[in-house]
Amino acid sequence: MNENDRALVQFTALAHGLFHTYELSIPLFVGLWMAEFGVSAAVIGAVVSVGYGVIGVGAPVSGVLSDRLDARRLISAAVVGMGVGFGVVALARGPITLGAAV
């Protein structure tokens, strides 16, 4: 494996790990969001389910895009998007804003 391949694998692995950290941290906040926003488990569950559904629908699309676009640019955009999403989560004042962020 040459140096460029190694760097690409490291970059992709780091981004993949960040994605799973982002994805798997959402359930940790469910109890907090229920208490903070004063909504039922059903409301937060619906918000989180829709968010995970969008992730699932976006996965094949991102796979196709990665074959057609520069992979580094696409991965960087995804990482920035996750950061923006968490920023909006931090600023969320209700379940609607939370749903848009997730």
# chains A, B, ... in the order shown; residues from 1 in each chain; ligands from 1
$ residues_around --residues "A:Trp33" --least-positions-apart "2" --cutoff "9 Å" --atoms "only C-alpha atoms" --output "number ranges by chain"
A: 29-31, 35-39, 44, 94-95, 98
$ write_last_selection --atoms "N, CA and C atoms" --output "JSON list (two decimals), in the first residue's frame"
[["chain", "number", "residue", "atom", "x", "y", "z"],
["A", 29, "PHE", "N", -29.50, 11.18, 23.94],
["A", 29, "PHE", "CA", -30.16, 12.43, 24.26],
["A", 29, "PHE", "C", -31.68, 12.32, 24.38],
["A", 30, "VAL", "N", -32.25, 11.18, 24.09],
["A", 30, "VAL", "CA", -33.71, 11.06, 24.05],
["A", 30, "VAL", "C", -34.34, 11.46, 25.39],
["A", 31, "GLY", "N", -33.86, 10.93, 26.48],
["A", 31, "GLY", "CA", -34.41, 11.27, 27.80],
["A", 31, "GLY", "C", -34.27, 12.76, 28.11],
["A", 35, "ALA", "N", -37.41, 15.57, 28.62],
["A", 35, "ALA", "CA", -37.53, 16.45, 29.78],
["A", 35, "ALA", "C", -37.41, 17.92, 29.39],
["A", 36, "GLU", "N", -36.48, 18.23, 28.52],
["A", 36, "GLU", "CA", -36.21, 19.63, 28.13],
["A", 36, "GLU", "C", -37.38, 20.23, 27.36],
["A", 37, "PHE", "N", -37.96, 19.46, 26.43],
["A", 37, "PHE", "CA", -39.01, 19.99, 25.58],
["A", 37, "PHE", "C", -40.41, 19.66, 26.09],
["A", 38, "GLY", "N", -40.49, 18.86, 27.13],
["A", 38, "GLY", "CA", -41.79, 18.52, 27.71],
["A", 38, "GLY", "C", -42.70, 17.76, 26.76],
["A", 39, "VAL", "N", -42.13, 16.84, 26.01],
["A", 39, "VAL", "CA", -42.91, 16.05, 25.06],
["A", 39, "VAL", "C", -42.82, 14.57, 25.44],
["A", 44, "ILE", "N", -40.64, 12.29, 20.58],
["A", 44, "ILE", "CA", -39.19, 12.20, 20.37],
["A", 44, "ILE", "C", -38.85, 10.97, 19.55],
["A", 94, "GLY", "N", -37.16, 23.31, 20.50],
["A", 94, "GLY", "CA", -38.38, 22.52, 20.44],
["A", 94, "GLY", "C", -38.21, 21.34, 19.52],
["A", 95, "PRO", "N", -39.22, 20.47, 19.48],
["A", 95, "PRO", "CA", -39.09, 19.26, 18.66],
["A", 95, "PRO", "C", -39.03, 19.52, 17.17],
["A", 98, "LEU", "N", -35.47, 20.47, 16.50],
["A", 98, "LEU", "CA", -34.70, 19.23, 16.73],
["A", 98, "LEU", "C", -34.85, 18.29, 15.54]]
$ residues_around --residues "stretch 55-62 of chain A" --least-positions-apart "3" --cutoff "10 Å" --atoms "only C-alpha atoms" --output "list in words"
Glu23, Ser49, Val50, Gly51, Tyr52, Leu65, Ser66, Asp67, Arg68, Leu69, Ala71, Leu74, Ile75, Ala78 and Val102 of chain A
$ atom_distance --atom1 "atom CA of A:Val9" --atom2 "atom CA of A:Val80"
18.8 Å
$ closest_residue --among "A:Leu8, A:Ala92, A:Leu14, A:Val48" --to "A:Pro27" --atoms "only C-alpha atoms"
A:Val48
$ atom_distance --atom1 "atom CA of A:Phe86" --atom2 "atom CA of A:Ala101"
7.0 Å
